Amino acid sequence: MDFFLEIVVAVLLVAGSLMSLIAGIGLITFPDLLSRMHAATKPQVLGFLLLFAGLAIHLRSWILVPVLVLAWGLQLLTAPVSAHMIGRAGYRTKHVAKETLHVDELKRVISTHSEATGNTGAVTRIEGTKADETENS
Amino acid sequence: MIETAVWIGGVMLALASIACLWRVFKGPSILDRVLALDVILLIISSALCLDMAINRHTDYLLFVVVACTLGFIGSVTVSRFVSDQRNA
Amino acid sequence: MQPKDLTPRDQRIDDALDTSGVRHRATFKQEWPLLLLLIFVWGALWQDFSIGNLLFGAILSIIIVNLFPLPPVVLPGRINLWYCLKLFIWFIGQVFAASVHVAWIAVVRGKKARSALIAVPLRTESDLIVMTVGHVLTLIPGSFVVDVDRSSSTLYLHYLDVNSDAEVEKARANIRDIERRLIMAIGSPDEYEAIKAEEGPDFSTRRPSK
């Protein structure tokens with residue numbers, strides 16, 4: 001049984017580290033900022049799940065489980081938010097490579113909304129984007 | 001068994017951090033660099049997990065928790081700074 | 001300021017229009033999940049779940065919540081634990097799939113990877129569900145949120161590996177499937193009934209269209 005658990009731990013640790021390697025490869029090979037965001041967020045969450053599971057099984061202690069759940073939960077909550085913030089800043093400051101996009105519906109929405117003034121919820125965002133565009137041109 | 005796994009994992013983490021450092025060096029924008037540094041922080045946390053596994057202790061556990069929050073605060077701060085700078 | 005008695009949709013529009021800077025204070029009924037979470041954090045960090053420690057954690061969390069007030073989260077008031085469990089298991093599976101997907105595209109497509117920015121209008125009117133959909137879809141294969149239009153519950157996503165208009169439609173259907181699962185788990189009764197009516201009698205077993 002112990003030998004079996006040891007094999008499981010070894011596999012979990014190697015797989016967890018592999019996820020970091022995937023993130024690294026993704027950071028190098030993807031062509032633009034928004035695609036790299038996928039590589040930076042997704043594999044790491046799974047990687048920590050595997051590493052924490054391996055650690056908990058290896059140390060065989062239940063009192064560790066709440067801390068590991070907390071660390072992983074924080075990861076789950078924070079990774080999407082930071083990806084969203086970086087992606088939003090990247091889109092607004094024109095760091096998006098347009099030629100890698102198949103369609104860009106956000107741009108379409110922004111250009112139609114800048115003429116109509118009805119939608120109060122989106123006005124601040126549109127004004128910011130318009131300022132960016134005039135500054136760039 | 002565990003030793004071998006930790007060695008393999010360590011080599012992978014080293015390669016991953018080299019890849020991230022290359023992205024930090026290459027850029028092209030500050031957001032790419034922040035993203036890569038964020039990933040490096042997570043790689044360091046993974047390395048601490050491996051260390052805890054091979055040496056059978058739990059000293060770094062809270063650092064792993066703190067690192068998750070620190071990376072979040074750092075990237076949010078920089079991205080807000082970047083968008084404010086352009087809008088001003 | 002008196003707490004207003006509003007439906008979620010009115011509350012959201014009210015918040016979006018409110019420029020006075022006055023903060024709404026959350027009531028205890030809206031805040032108890034946050035308090036429980038903070039007590040759990042305290043216990044987990046001390047690695048000690050004895051009664052005394054938890055009580056001290058509770059006192060600290062009440063102080064923190066009152067010192068740093070957050071805007072209230074409108075709870076939908078309905079939870080289905082069975083669908084929550086199904087959602088969680090499906091989510092873990094999707095997290096595994098996401099890593100494999102990213103690895104596949106990073107190694108095979110590399111620099112040729114094309115993507116799309118798409119708009120997905122959601123059916124829900126609850127901030128909580130819009131936020132949860134955003135979190136879930138960032139962690140599952142293919143997508144992450146670039147921008148949100150709160151007044152119309154529209155998410156603007158970056159979707160990886162999209163090469164044709166048919167794939168755009170498929171992506172949109174996937175996101176609406178996440179929303180369906182979340183409404184089934186924690187949506188308000190009205191939205192749950194609407195989803196049931198939309199999907200037909202065998203909705204809980206239906207597979208997402210591929």
# chains A, B, ... in the order shown; residues from 1 in each chain; ligands from 1

$ interface_residues --of "chain A" --to "chain B" --cutoff "6 Å" --atoms "only C-alpha atoms" --output "MDAnalysis selection string"
chainID A and resid 10 14 17 21 24 55 71 75 78 82 86 89

$ select_by_dssp --residues "chain C" --states "alpha helix (DSSP H)" --output "number ranges by chain"
C: 8-17, 28-46, 51-67, 81-104, 127-139, 165-186, 189-199

$ interface_residues --of "chain C" --to "chain B" --cutoff "12 Å" --atoms "only C-alpha atoms" --output "JSON, numbers by chain"
{"C": [41, 44, 45, 46, 47]}

$ interface_residues --of "chain C" --to "chain A" --cutoff "7 Å" --atoms "only C-alpha atoms" --output "PyMOL selection string"
chain C and resi 16+41+44-45+47+95-96+98-99+102-103+106+110-111+113-119+135+138-139+145-147+149-151+156+160+162-163

$ atom_distance --atom1 "atom CA of C:Ile51" --atom2 "atom CA of A:Ile57"
26.9 Å

$ residues_around --residues "C:Ser143" --least-positions-apart "6" --cutoff "9 Å" --atoms "only C-alpha atoms" --output "VMD selection string"
(chain A and resid 38) or (chain C and resid 137 157 to 160 171)

$ select_by_dssp --residues "stretch 154-208 of chain C" --states "strand (DSSP E or B)" --output "list in words"
Thr154, Leu155, Tyr156, Leu157, His158, Tyr159 and Leu160 of chain C

$ atom_distance --atom1 "atom CA of C:Ile89" --atom2 "atom CA of C:Arg181"
11.9 Å

$ atom_distance --atom1 "atom CA of C:Ile79" --atom2 "atom CA of C:Val120"
24.8 Å

$ residues_around --residues "A:Leu50" --least-positions-apart "4" --cutoff "8 Å" --atoms "only C-alpha atoms" --output "list of chain:residue names"
A:Leu12, A:Leu13, A:Ala15, A:Gly16, A:Leu46, A:Gly54
